[in-house]
$ cat run25.cif   # mmCIF, C-alpha atoms
data_work
#
loop_
_atom_site.group_PDB
_atom_site.id
_atom_site.type_symbol
_atom_site.label_atom_id
_atom_site.label_comp_id
_atom_site.auth_asym_id
_atom_site.auth_seq_id
_atom_site.Cartn_x
_atom_site.Cartn_y
_atom_site.Cartn_z
ATOM 1 C CA MET A 19 -78.135 41.897 7.860
ATOM 2 C CA THR A 20 -74.383 41.413 7.666
ATOM 3 C CA GLY A 21 -72.957 40.694 11.107
ATOM 4 C CA ARG A 22 -71.451 43.335 13.371
ATOM 5 C CA LEU A 23 -67.703 43.877 13.017
ATOM 6 C CA MET A 24 -65.702 44.917 16.082
ATOM 7 C CA LEU A 25 -62.349 46.622 15.499
ATOM 8 C CA LEU A 26 -59.936 46.860 18.424
ATOM 9 C CA ASP A 27 -57.370 49.642 18.669
ATOM 10 C CA THR A 28 -55.182 47.042 20.321
ATOM 11 C CA ALA A 29 -52.326 49.207 21.587
ATOM 12 C CA SER A 30 -54.790 51.667 23.109
ATOM 13 C CA LEU A 31 -56.439 48.786 24.972
ATOM 14 C CA TYR A 32 -53.293 47.035 26.185
ATOM 15 C CA PHE A 33 -51.902 50.356 27.438
ATOM 16 C CA ARG A 34 -55.105 50.763 29.451
ATOM 17 C CA ALA A 35 -54.854 47.184 30.680
ATOM 18 C CA TYR A 36 -51.224 47.742 31.699
ATOM 19 C CA PHE A 37 -52.059 50.788 33.800
ATOM 20 C CA GLY A 38 -55.363 49.386 35.067
ATOM 21 C CA VAL A 39 -54.184 45.965 36.239
ATOM 22 C CA PRO A 40 -51.546 45.761 39.039
ATOM 23 C CA ASP A 41 -48.082 44.621 37.933
ATOM 24 C CA SER A 42 -48.274 42.080 40.737
ATOM 25 C CA VAL A 43 -50.131 39.963 38.143
ATOM 26 C CA ARG A 44 -47.175 37.863 36.999
ATOM 27 C CA ALA A 45 -46.172 34.711 35.165
ATOM 28 C CA PRO A 46 -44.770 31.737 37.127
ATOM 29 C CA ASP A 47 -41.237 33.077 36.543
ATOM 30 C CA GLY A 48 -42.168 36.486 37.970
ATOM 31 C CA THR A 49 -42.524 38.331 34.642
ATOM 32 C CA PRO A 50 -45.393 40.876 34.704
ATOM 33 C CA VAL A 51 -48.315 39.823 32.495
ATOM 34 C CA ASN A 52 -50.807 42.471 33.623
ATOM 35 C CA ALA A 53 -51.257 43.867 30.088
ATOM 36 C CA VAL A 54 -51.727 40.377 28.619
ATOM 37 C CA ARG A 55 -54.305 39.240 31.137
ATOM 38 C CA GLY A 56 -55.979 42.641 31.238
ATOM 39 C CA LEU A 57 -56.415 42.647 27.446
ATOM 40 C CA LEU A 58 -57.875 39.113 27.513
ATOM 41 C CA ASP A 59 -60.346 40.265 30.178
ATOM 42 C CA PHE A 60 -61.206 43.303 28.017
ATOM 43 C CA ILE A 61 -61.888 41.132 24.958
ATOM 44 C CA ASP A 62 -63.966 38.728 27.051
ATOM 45 C CA ARG A 63 -66.148 41.576 28.340
ATOM 46 C CA LEU A 64 -66.498 43.179 24.904
ATOM 47 C CA VAL A 65 -67.594 39.929 23.269
ATOM 48 C CA LYS A 66 -70.038 39.173 26.108
ATOM 49 C CA ASP A 67 -71.591 42.637 26.111
ATOM 50 C CA HIS A 68 -71.684 43.430 22.385
ATOM 51 C CA ARG A 69 -71.781 40.044 20.613
ATOM 52 C CA PRO A 70 -69.816 40.872 17.460
ATOM 53 C CA GLU A 71 -69.787 38.244 14.721
ATOM 54 C CA LYS A 72 -66.436 39.479 13.437
ATOM 55 C CA LEU A 73 -63.440 40.789 15.383
ATOM 56 C CA VAL A 74 -60.090 42.244 14.320
ATOM 57 C CA ALA A 75 -57.238 43.259 16.626
ATOM 58 C CA CYS A 76 -55.719 46.178 14.704
ATOM 59 C CA MET A 77 -52.026 46.806 15.348
ATOM 60 C CA ASP A 78 -49.515 49.635 14.940
ATOM 61 C CA ALA A 79 -47.013 48.240 12.437
ATOM 62 C CA ASP A 80 -45.640 51.802 12.417
ATOM 63 C CA TRP A 81 -46.838 54.068 15.225
ATOM 64 C CA ARG A 82 -45.234 57.172 13.600
ATOM 65 C CA PRO A 83 -45.274 56.741 9.801
ATOM 66 C CA GLN A 84 -42.612 58.667 7.946
ATOM 67 C CA TRP A 85 -45.135 60.048 5.456
ATOM 68 C CA ARG A 86 -46.894 61.818 8.321
ATOM 69 C CA VAL A 87 -43.609 63.057 9.826
ATOM 70 C CA ASP A 88 -42.544 64.431 6.411
ATOM 71 C CA LEU A 89 -45.655 66.622 6.427
ATOM 72 C CA ILE A 90 -45.549 67.654 10.118
ATOM 73 C CA PRO A 91 -42.118 66.928 11.674
ATOM 74 C CA SER A 92 -43.441 67.439 15.223
ATOM 75 C CA TYR A 93 -45.901 64.559 14.787
ATOM 76 C CA LYS A 94 -45.498 62.375 17.918
ATOM 77 C CA ALA A 95 -41.874 63.559 18.146
ATOM 78 C CA HIS A 96 -42.011 63.873 21.942
ATOM 79 C CA ARG A 97 -42.816 60.154 22.223
ATOM 80 C CA VAL A 98 -39.725 58.928 20.350
ATOM 81 C CA ALA A 99 -37.462 56.872 22.619
ATOM 82 C CA GLU A 100 -34.905 55.976 19.962
ATOM 83 C CA GLU A 101 -34.479 56.958 16.313
ATOM 84 C CA HIS A 102 -33.838 54.186 13.769
ATOM 85 C CA GLU A 103 -32.413 54.948 10.336
ATOM 86 C CA GLY A 104 -34.542 53.348 7.621
ATOM 87 C CA ALA A 105 -36.935 51.754 10.118
ATOM 88 C CA PRO A 106 -39.749 52.926 12.423
ATOM 89 C CA ASP A 107 -38.539 54.891 15.447
ATOM 90 C CA ALA A 108 -38.937 53.196 18.825
ATOM 91 C CA GLU A 109 -41.803 54.563 20.918
ATOM 92 C CA GLU A 110 -41.350 55.379 24.582
ATOM 93 C CA VAL A 111 -43.071 52.460 26.326
ATOM 94 C CA PRO A 112 -42.836 51.332 29.981
ATOM 95 C CA ASP A 113 -40.030 48.774 30.455
ATOM 96 C CA THR A 114 -42.349 46.036 31.685
ATOM 97 C CA LEU A 115 -44.931 46.558 28.912
ATOM 98 C CA SER A 116 -42.706 46.076 25.849
ATOM 99 C CA PRO A 117 -41.959 42.372 26.564
ATOM 100 C CA GLN A 118 -45.682 41.679 26.922
ATOM 101 C CA VAL A 119 -46.589 42.817 23.396
ATOM 102 C CA PRO A 120 -45.132 39.727 21.616
ATOM 103 C CA VAL A 121 -46.957 37.528 24.134
ATOM 104 C CA ILE A 122 -50.227 39.313 23.334
ATOM 105 C CA GLU A 123 -49.627 38.726 19.631
ATOM 106 C CA GLU A 124 -48.866 35.021 20.119
ATOM 107 C CA VAL A 125 -51.964 34.505 22.270
ATOM 108 C CA LEU A 126 -54.245 36.276 19.762
ATOM 109 C CA ASP A 127 -52.787 34.168 16.939
ATOM 110 C CA ALA A 128 -53.234 30.904 18.846
ATOM 111 C CA LEU A 129 -56.817 31.871 19.674
ATOM 112 C CA GLY A 130 -57.519 32.576 16.006
ATOM 113 C CA ILE A 131 -58.489 36.216 16.525
ATOM 114 C CA ALA A 132 -57.587 38.137 13.380
ATOM 115 C CA ARG A 133 -54.607 40.436 14.012
ATOM 116 C CA VAL A 134 -53.730 42.997 11.351
ATOM 117 C CA GLY A 135 -50.918 45.511 11.125
ATOM 118 C CA VAL A 136 -49.637 46.930 7.838
ATOM 119 C CA ALA A 137 -46.121 48.297 7.293
ATOM 120 C CA GLY A 138 -46.070 52.088 7.064
ATOM 121 C CA TYR A 139 -49.433 52.548 8.774
ATOM 122 C CA GLU A 140 -50.887 53.015 12.231
ATOM 123 C CA ALA A 141 -53.675 50.924 13.707
ATOM 124 C CA ASP A 142 -55.974 53.923 13.114
ATOM 125 C CA ASP A 143 -55.405 53.562 9.373
ATOM 126 C CA VAL A 144 -56.098 49.826 9.480
ATOM 127 C CA ILE A 145 -59.316 50.590 11.368
ATOM 128 C CA GLY A 146 -60.222 53.298 8.870
ATOM 129 C CA THR A 147 -59.805 50.919 5.941
ATOM 130 C CA PHE A 148 -61.759 48.061 7.513
ATOM 131 C CA THR A 149 -64.493 50.594 8.296
ATOM 132 C CA ALA A 150 -64.523 51.940 4.740
ATOM 133 C CA ARG A 151 -64.913 48.412 3.367
ATOM 134 C CA ALA A 152 -67.487 47.200 5.904
ATOM 135 C CA ASP A 153 -70.905 46.210 4.597
ATOM 136 C CA GLY A 154 -72.549 46.040 8.025
ATOM 137 C CA PRO A 155 -72.465 47.703 11.459
ATOM 138 C CA VAL A 156 -69.053 48.506 12.979
ATOM 139 C CA ASP A 157 -68.013 48.999 16.609
ATOM 140 C CA ILE A 158 -64.588 50.647 17.005
ATOM 141 C CA VAL A 159 -63.151 50.130 20.488
ATOM 142 C CA THR A 160 -60.508 52.736 21.270
ATOM 143 C CA GLY A 161 -59.287 55.168 23.887
ATOM 144 C CA ASP A 162 -58.179 57.500 21.057
ATOM 145 C CA ARG A 163 -60.641 60.287 20.266
ATOM 146 C CA ASP A 164 -59.075 60.730 16.800
ATOM 147 C CA LEU A 165 -61.252 57.849 15.628
ATOM 148 C CA TYR A 166 -64.425 59.841 16.325
ATOM 149 C CA GLN A 167 -63.956 61.011 12.726
ATOM 150 C CA LEU A 168 -65.217 57.605 11.547
ATOM 151 C CA VAL A 169 -68.582 57.803 13.344
ATOM 152 C CA ASP A 170 -71.415 57.545 10.822
ATOM 153 C CA ASP A 171 -74.986 56.911 11.967
ATOM 154 C CA ALA A 172 -76.223 56.122 8.468
ATOM 155 C CA ARG A 173 -73.736 53.250 8.200
ATOM 156 C CA GLU A 174 -74.108 52.202 11.866
ATOM 157 C CA ILE A 175 -70.491 52.995 12.676
ATOM 158 C CA ARG A 176 -69.886 54.002 16.273
ATOM 159 C CA VAL A 177 -66.956 54.336 18.661
ATOM 160 C CA LEU A 178 -66.971 52.545 22.016
ATOM 161 C CA TYR A 179 -64.712 54.681 24.203
ATOM 162 C CA PRO A 180 -63.639 53.077 27.508
ATOM 163 C CA LEU A 181 -64.327 55.257 30.534
ATOM 164 C CA LYS A 182 -63.474 52.634 33.148
ATOM 165 C CA GLY A 183 -61.936 49.407 31.916
ATOM 166 C CA VAL A 184 -64.268 48.264 29.180
ATOM 167 C CA GLY A 185 -67.196 47.641 31.492
ATOM 168 C CA THR A 186 -68.196 51.296 31.199
ATOM 169 C CA LEU A 187 -68.106 52.467 27.605
ATOM 170 C CA GLN A 188 -69.170 55.753 26.073
ATOM 171 C CA LEU A 189 -71.185 54.858 22.976
ATOM 172 C CA THR A 190 -70.180 57.623 20.612
ATOM 173 C CA ASP A 191 -72.636 58.342 17.805
ATOM 174 C CA GLU A 192 -73.331 61.517 15.830
ATOM 175 C CA ALA A 193 -75.860 62.837 18.345
ATOM 176 C CA TRP A 194 -73.259 62.567 21.104
ATOM 177 C CA LEU A 195 -70.628 64.288 18.933
ATOM 178 C CA ARG A 196 -72.957 67.161 18.060
ATOM 179 C CA GLU A 197 -73.842 67.610 21.732
ATOM 180 C CA LYS A 198 -70.218 67.511 22.879
ATOM 181 C CA TYR A 199 -68.323 69.164 20.007
ATOM 182 C CA GLY A 200 -70.908 70.669 17.669
ATOM 183 C CA VAL A 201 -69.771 68.497 14.745
ATOM 184 C CA ASP A 202 -70.671 65.137 13.255
ATOM 185 C CA GLY A 203 -68.183 62.337 12.573
ATOM 186 C CA GLY A 204 -67.019 63.813 9.288
ATOM 187 C CA GLY A 205 -66.334 67.178 10.907
ATOM 188 C CA TYR A 206 -64.337 65.858 13.843
ATOM 189 C CA ALA A 207 -61.033 65.623 11.939
ATOM 190 C CA ASP A 208 -61.330 69.281 10.896
ATOM 191 C CA LEU A 209 -62.082 70.268 14.494
ATOM 192 C CA ALA A 210 -59.100 68.273 15.741
ATOM 193 C CA LEU A 211 -56.591 69.732 13.318
ATOM 194 C CA LEU A 212 -57.772 73.311 13.940
ATOM 195 C CA ARG A 213 -57.501 73.057 17.746
ATOM 196 C CA GLY A 214 -54.341 70.883 17.632
ATOM 197 C CA ASP A 215 -53.403 67.969 19.854
ATOM 198 C CA PRO A 216 -50.305 68.186 22.079
ATOM 199 C CA SER A 217 -50.398 64.430 22.723
ATOM 200 C CA ASP A 218 -49.785 63.853 18.996
ATOM 201 C CA GLY A 219 -47.495 66.835 18.467
ATOM 202 C CA LEU A 220 -50.044 68.662 16.290
ATOM 203 C CA PRO A 221 -49.698 72.437 16.758
ATOM 204 C CA GLY A 222 -53.147 73.441 15.521
ATOM 205 C CA VAL A 223 -53.927 77.068 14.687
ATOM 206 C CA PRO A 224 -52.600 79.334 17.468
ATOM 207 C CA GLY A 225 -55.460 80.972 19.337
ATOM 208 C CA VAL A 226 -58.082 78.613 17.926
ATOM 209 C CA GLY A 227 -59.334 76.304 20.649
ATOM 210 C CA GLU A 228 -62.101 73.743 20.549
ATOM 211 C CA LYS A 229 -64.999 76.206 20.894
ATOM 212 C CA THR A 230 -63.654 78.601 18.270
ATOM 213 C CA ALA A 231 -62.976 75.702 15.899
ATOM 214 C CA ALA A 232 -66.560 74.485 16.351
ATOM 215 C CA LYS A 233 -67.938 77.988 15.667
ATOM 216 C CA LEU A 234 -65.835 78.340 12.518
ATOM 217 C CA LEU A 235 -67.017 74.955 11.252
ATOM 218 C CA ALA A 236 -70.640 75.848 12.035
ATOM 219 C CA GLU A 237 -70.232 79.101 10.083
ATOM 220 C CA PHE A 238 -68.275 77.830 7.076
ATOM 221 C CA GLY A 239 -69.140 74.125 6.912
ATOM 222 C CA ASP A 240 -65.729 72.494 6.778
ATOM 223 C CA LEU A 241 -62.009 73.246 6.589
ATOM 224 C CA ALA A 242 -62.185 74.057 2.885
ATOM 225 C CA GLY A 243 -64.930 76.583 3.621
ATOM 226 C CA ILE A 244 -62.844 78.191 6.364
ATOM 227 C CA VAL A 245 -59.773 78.419 4.124
ATOM 228 C CA ALA A 246 -61.881 79.987 1.347
ATOM 229 C CA ALA A 247 -63.325 82.486 3.836
ATOM 230 C CA VAL A 248 -59.848 83.784 4.667
ATOM 231 C CA ASP A 249 -59.586 85.224 1.143
ATOM 232 C CA ASP A 250 -63.167 86.522 1.125
ATOM 233 C CA PRO A 251 -63.376 90.033 2.604
ATOM 234 C CA ARG A 252 -67.143 89.545 3.135
ATOM 235 C CA ALA A 253 -66.665 86.441 5.297
ATOM 236 C CA LYS A 254 -67.533 86.783 8.971
ATOM 237 C CA LEU A 255 -64.038 86.460 10.379
ATOM 238 C CA THR A 256 -62.533 88.775 12.963
ATOM 239 C CA PRO A 257 -59.284 90.459 11.907
ATOM 240 C CA THR A 258 -57.430 88.334 14.474
ATOM 241 C CA GLN A 259 -58.952 85.093 13.175
ATOM 242 C CA ARG A 260 -58.151 86.041 9.585
ATOM 243 C CA LYS A 261 -54.552 86.810 10.551
ATOM 244 C CA ARG A 262 -54.085 83.578 12.497
ATOM 245 C CA LEU A 263 -55.607 81.426 9.773
ATOM 246 C CA THR A 264 -53.493 83.165 7.119
ATOM 247 C CA GLU A 265 -50.318 82.546 9.099
ATOM 248 C CA ALA A 266 -51.329 78.913 9.639
ATOM 249 C CA ALA A 267 -51.927 78.309 5.909
ATOM 250 C CA PRO A 268 -48.855 76.030 5.450
ATOM 251 C CA TYR A 269 -49.991 73.873 8.380
ATOM 252 C CA LEU A 270 -53.601 73.765 7.180
ATOM 253 C CA ALA A 271 -52.421 72.623 3.736
ATOM 254 C CA VAL A 272 -50.832 69.430 5.099
ATOM 255 C CA ALA A 273 -52.667 68.732 8.367
ATOM 256 C CA PRO A 274 -55.692 66.982 6.806
ATOM 257 C CA LYS A 275 -53.533 64.207 5.370
ATOM 258 C CA VAL A 276 -51.871 63.725 8.769
ATOM 259 C CA VAL A 277 -55.007 63.881 10.931
ATOM 260 C CA ARG A 278 -57.447 61.965 8.742
ATOM 261 C CA VAL A 279 -57.083 58.218 8.944
ATOM 262 C CA ALA A 280 -56.246 56.408 5.735
ATOM 263 C CA GLY A 281 -59.038 54.461 4.091
ATOM 264 C CA ASP A 282 -56.975 52.719 1.428
ATOM 265 C CA VAL A 283 -54.466 50.594 3.369
ATOM 266 C CA PRO A 284 -53.514 47.370 1.505
ATOM 267 C CA LEU A 285 -55.090 44.961 3.987
ATOM 268 C CA PRO A 286 -54.108 41.293 3.975
ATOM 269 C CA ASP A 287 -56.765 38.692 3.326
ATOM 270 C CA VAL A 288 -57.790 37.533 6.810
ATOM 271 C CA ASP A 289 -60.673 35.618 8.312
ATOM 272 C CA THR A 290 -62.398 38.145 10.545
ATOM 273 C CA ALA A 291 -64.997 35.721 11.933
ATOM 274 C CA LEU A 292 -64.971 35.523 15.712
ATOM 275 C CA PRO A 293 -63.459 32.107 16.534
ATOM 276 C CA HIS A 294 -65.440 29.671 18.682
ATOM 277 C CA THR A 295 -62.518 27.309 19.269
ATOM 278 C CA PRO A 296 -58.764 28.043 19.323
ATOM 279 C CA ARG A 297 -56.884 27.929 16.047
ATOM 280 C CA ASP A 298 -53.890 26.259 17.725
ATOM 281 C CA PRO A 299 -54.924 24.592 21.018
ATOM 282 C CA ALA A 300 -51.456 23.128 21.687
ATOM 283 C CA ALA A 301 -49.747 26.499 21.284
ATOM 284 C CA LEU A 302 -52.399 28.129 23.448
ATOM 285 C CA ASP A 303 -51.931 25.539 26.209
ATOM 286 C CA ALA A 304 -48.174 26.133 26.128
ATOM 287 C CA LEU A 305 -48.639 29.915 26.306
ATOM 288 C CA ALA A 306 -51.145 29.584 29.160
ATOM 289 C CA ALA A 307 -48.671 27.471 31.165
ATOM 290 C CA ARG A 308 -45.614 29.587 30.323
ATOM 291 C CA TRP A 309 -47.249 32.908 31.173
ATOM 292 C CA GLY A 310 -49.785 31.874 33.817
ATOM 293 C CA LEU A 311 -52.778 33.197 31.910
ATOM 294 C CA GLY A 312 -55.172 31.257 34.149
ATOM 295 C CA GLY A 313 -58.682 32.537 34.589
ATOM 296 C CA SER A 314 -58.359 35.397 32.086
ATOM 297 C CA LEU A 315 -57.791 33.018 29.188
ATOM 298 C CA GLN A 316 -60.269 30.438 30.427
ATOM 299 C CA ARG A 317 -63.056 33.001 30.749
ATOM 300 C CA LEU A 318 -62.451 34.202 27.188
ATOM 301 C CA LEU A 319 -62.425 30.652 25.840
ATOM 302 C CA THR A 320 -65.733 29.943 27.580
ATOM 303 C CA THR A 321 -67.235 33.122 26.118
ATOM 304 C CA LEU A 322 -66.007 32.301 22.591
ATOM 305 C CA GLU A 323 -67.393 28.764 22.812
ATOM 306 C CA ALA A 324 -70.783 30.129 23.840
#

$ encode --input "run25.cif" --output "structure tokens"
Amino acid sequence: MTGRLMLLDTASLYFRAYFGVPDSVRAPDGTPVNAVRGLLDFIDRLVKDHRPEKLVACMDADWRPQWRVDLIPSYKAHRVAEEHEGAPDAEEVPDTLSPQVPVIEEVLDALGIARVGVAGYEADDVIGTFTARADGPVDIVTGDRDLYQLVDDAREIRVLYPLKGVGTLQLTDEAWLREKYGVDGGGYADLALLRGDPSDGLPGVPGVGEKTAAKLLAEFGDLAGIVAAVDDPRAKLTPTQRKRLTEAAPYLAVAPKVVRVAGDVPLPDVDTALPHTPRDPAALDALAARWGLGGSLQRLLTTLEA
């Protein structure tokens, strides 16, 4: 059997590390490194507990791609800190987190952990494409429920959703999704776009919450079936539902492209094998000394060597 691939939604994890580890964790010069050390501890625990043979840290090269904004202008609009003409807008990020992101990238590179971001795409899209191409089991580690859409029992694709750090993970498979939402992995994107998501600036269909969306999908199969039912006088829709879905037709026409992760991102050719020794030991030593990475880095190195 081809080895298990673990895909990290890296920004989701370092945000959690930042808020979960006290900012009293600092480099020798006093700079906070709580997100850096917290992420290293996360990776250490994930590798110990789940033993992937391949690992990719997936990055947001563009956290708010213009092609999504063109379709739904409100997409993540409330999270824009600064607009940039001809370049990705700056996301609102805590002041002491932003400087830690380049350090995270340098440490991952020196370790030899594959790190992939692609211009014009979010980490979700990178994850979606790696998943589509995988020829073995896949564990997706993310605090973003949007990626539930990739769950596929037949292909052994599951989402590991952190509940507390990464020591307590919700193993999300299709049985869990059906119990919680009444849909399988493939139906989750339709559920999400119908109910909307304020955190992503997705309006959804007014008056259609999670339970109603699940009932509509159970009745009509998928979004296409629901849209077809609107024009079918025999379809079991209440007058209010028919009216709301009719009024939401322009949104429903574009939302699938925005909500569904891309599966055709032009990925670079990278070695996804989990490293057992650092790619650049000298650079790693310098980073460890400069940023005081101490036990967090050493524990991960010991785990990788094992």

$ atom_distance --input "run25.cif" --atom1 "atom CA of Ala29 of chain A" --atom2 "atom CA of Leu58 of chain A"
13.0 Å

$ resolve_selection --input "run25.cif" --expression "the PyMOL selection byres ((chain A and resi 33) around 10)" --output "list in words"
Thr28, Ala29, Ser30, Leu31, Tyr32, Arg34, Ala35, Tyr36, Phe37, Gly38, Ala53, Gly56, Leu57, Val111, Pro112, Leu115 and Gly161 of chain A

$ atom_distance --input "run25.cif" --atom1 "atom CA of Leu168 of chain A" --atom2 "atom CA of Lys229 of chain A"
20.8 Å

$ residues_around --input "run25.cif" --residues "Glu265 of chain A" --least-positions-apart "3" --cutoff "12 Å" --atoms "all atoms listed in the file" --output "VMD selection string"
chain A and resid 222 to 225 245 248 258 to 262 268 to 271

$ write_last_selection --input "run25.cif" --atoms "C-alpha atoms" --output "CSV table (one decimal), in the frame of the given file"
chain,number,residue,atom,x,y,z
A,222,GLY,CA,-53.1,73.4,15.5
A,223,VAL,CA,-53.9,77.1,14.7
A,224,PRO,CA,-52.6,79.3,17.5
A,225,GLY,CA,-55.5,81.0,19.3
A,245,VAL,CA,-59.8,78.4,4.1
A,248,VAL,CA,-59.8,83.8,4.7
A,258,THR,CA,-57.4,88.3,14.5
A,259,GLN,CA,-59.0,85.1,13.2
A,260,ARG,CA,-58.2,86.0,9.6
A,261,LYS,CA,-54.6,86.8,10.6
A,262,ARG,CA,-54.1,83.6,12.5
A,268,PRO,CA,-48.9,76.0,5.4
A,269,TYR,CA,-50.0,73.9,8.4
A,270,LEU,CA,-53.6,73.8,7.2
A,271,ALA,CA,-52.4,72.6,3.7

$ closest_residue --input "run25.cif" --among "A:Gln84, A:Ser92, A:Gln167, A:Thr321" --to "Gly203 of chain A" --atoms "only C-alpha atoms"
A:Gln167

$ resolve_selection --input "run25.cif" --expression "the PyMOL selection byres ((chain A and resi 310-314) around 10)" --output "mmCIF file with C-alpha atoms, in the frame of the given file"
data_model
loop_
_atom_site.group_PDB
_atom_site.id
_atom_site.type_symbol
_atom_site.label_atom_id
_atom_site.label_comp_id
_atom_site.auth_asym_id
_atom_site.auth_seq_id
_atom_site.Cartn_x
_atom_site.Cartn_y
_atom_site.Cartn_z
ATOM 1 C CA VAL A 43 -50.131 39.963 38.143
ATOM 2 C CA ARG A 44 -47.175 37.863 36.999
ATOM 3 C CA ALA A 45 -46.172 34.711 35.165
ATOM 4 C CA PRO A 46 -44.770 31.737 37.127
ATOM 5 C CA ASP A 47 -41.237 33.077 36.543
ATOM 6 C CA GLY A 48 -42.168 36.486 37.970
ATOM 7 C CA THR A 49 -42.524 38.331 34.642
ATOM 8 C CA VAL A 51 -48.315 39.823 32.495
ATOM 9 C CA ASN A 52 -50.807 42.471 33.623
ATOM 10 C CA VAL A 54 -51.727 40.377 28.619
ATOM 11 C CA ARG A 55 -54.305 39.240 31.137
ATOM 12 C CA GLY A 56 -55.979 42.641 31.238
ATOM 13 C CA LEU A 57 -56.415 42.647 27.446
ATOM 14 C CA LEU A 58 -57.875 39.113 27.513
ATOM 15 C CA ASP A 59 -60.346 40.265 30.178
ATOM 16 C CA PHE A 60 -61.206 43.303 28.017
ATOM 17 C CA ILE A 61 -61.888 41.132 24.958
ATOM 18 C CA ASP A 62 -63.966 38.728 27.051
ATOM 19 C CA VAL A 125 -51.964 34.505 22.270
ATOM 20 C CA LEU A 302 -52.399 28.129 23.448
ATOM 21 C CA ASP A 303 -51.931 25.539 26.209
ATOM 22 C CA ALA A 304 -48.174 26.133 26.128
ATOM 23 C CA LEU A 305 -48.639 29.915 26.306
ATOM 24 C CA ALA A 306 -51.145 29.584 29.160
ATOM 25 C CA ALA A 307 -48.671 27.471 31.165
ATOM 26 C CA ARG A 308 -45.614 29.587 30.323
ATOM 27 C CA TRP A 309 -47.249 32.908 31.173
ATOM 28 C CA LEU A 315 -57.791 33.018 29.188
ATOM 29 C CA GLN A 316 -60.269 30.438 30.427
ATOM 30 C CA ARG A 317 -63.056 33.001 30.749
ATOM 31 C CA LEU A 318 -62.451 34.202 27.188
ATOM 32 C CA LEU A 319 -62.425 30.652 25.840
#

$ atom_distance --input "run25.cif" --atom1 "atom CA of Val288 of chain A" --atom2 "atom CA of Leu25 of chain A"
13.4 Å

$ closest_residue --input "run25.cif" --among "A:Ala280, A:Val98, A:Val226, A:Val201" --to "Arg213 of chain A" --atoms "only C-alpha atoms"
A:Val226

$ resolve_selection --input "run25.cif" --expression "the PyMOL selection byres ((chain A and resi 235-244) around 10)" --output "JSON, numbers by chain"
{"A": [200, 201, 204, 205, 206, 207, 208, 209, 211, 212, 229, 230, 231, 232, 233, 234, 245, 246, 247, 248, 249, 250, 253, 254, 255, 260, 263, 270, 271, 274]}

$ residues_around --input "run25.cif" --residues "Asp171 of chain A" --least-positions-apart "4" --cutoff "9 Å" --atoms "all atoms listed in the file" --output "MDAnalysis selection string"
chainID A and resid 175:176 191:193 203

$ closest_residue --input "run25.cif" --among "A:Trp194, A:Leu292, A:Gly214, A:Ala301" --to "Ala324 of chain A" --atoms "all atoms listed in the file"
A:Leu292

$ closest_residue --input "run25.cif" --among "A:Ile145, A:Val279, A:Val272, A:Val121" --to "Pro91 of chain A" --atoms "all atoms listed in the file"
A:Val272

$ build_atoms --input "run25.cif" --residues "segment 131-139 of chain A" --atoms "N, CA, C and O atoms" --output "CSV table (one decimal), keeping the file's coordinate frame"
chain,number,residue,atom,x,y,z
A,131,ILE,N,-57.9,34.9,16.7
A,131,ILE,CA,-58.5,36.2,16.5
A,131,ILE,C,-57.7,36.9,15.5
A,131,ILE,O,-56.4,37.0,15.6
A,132,ALA,N,-58.3,37.4,14.5
A,132,ALA,CA,-57.6,38.1,13.4
A,132,ALA,C,-56.8,39.3,14.0
A,132,ALA,O,-57.3,40.1,14.8
A,133,ARG,N,-55.5,39.4,13.5
A,133,ARG,CA,-54.6,40.4,14.0
A,133,ARG,C,-54.0,41.1,12.8
A,133,ARG,O,-53.3,40.4,12.0
A,134,VAL,N,-54.2,42.4,12.6
A,134,VAL,CA,-53.7,43.0,11.4
A,134,VAL,C,-52.9,44.3,11.6
A,134,VAL,O,-53.4,45.2,12.3
A,135,GLY,N,-51.7,44.3,11.2
A,135,GLY,CA,-50.9,45.5,11.1
A,135,GLY,C,-50.3,45.6,9.7
A,135,GLY,O,-50.0,44.5,9.2
A,136,VAL,N,-50.2,46.8,9.2
A,136,VAL,CA,-49.6,46.9,7.8
A,136,VAL,C,-48.5,47.9,7.9
A,136,VAL,O,-48.6,49.0,8.4
A,137,ALA,N,-47.3,47.5,7.3
A,137,ALA,CA,-46.1,48.3,7.3
A,137,ALA,C,-46.4,49.7,6.8
A,137,ALA,O,-47.1,49.9,5.7
A,138,GLY,N,-45.9,50.7,7.5
A,138,GLY,CA,-46.1,52.1,7.1
A,138,GLY,C,-47.4,52.7,7.5
A,138,GLY,O,-47.6,53.9,7.2
A,139,TYR,N,-48.1,52.0,8.3
A,139,TYR,CA,-49.4,52.5,8.8
A,139,TYR,C,-49.7,52.3,10.3
A,139,TYR,O,-49.2,51.3,10.8
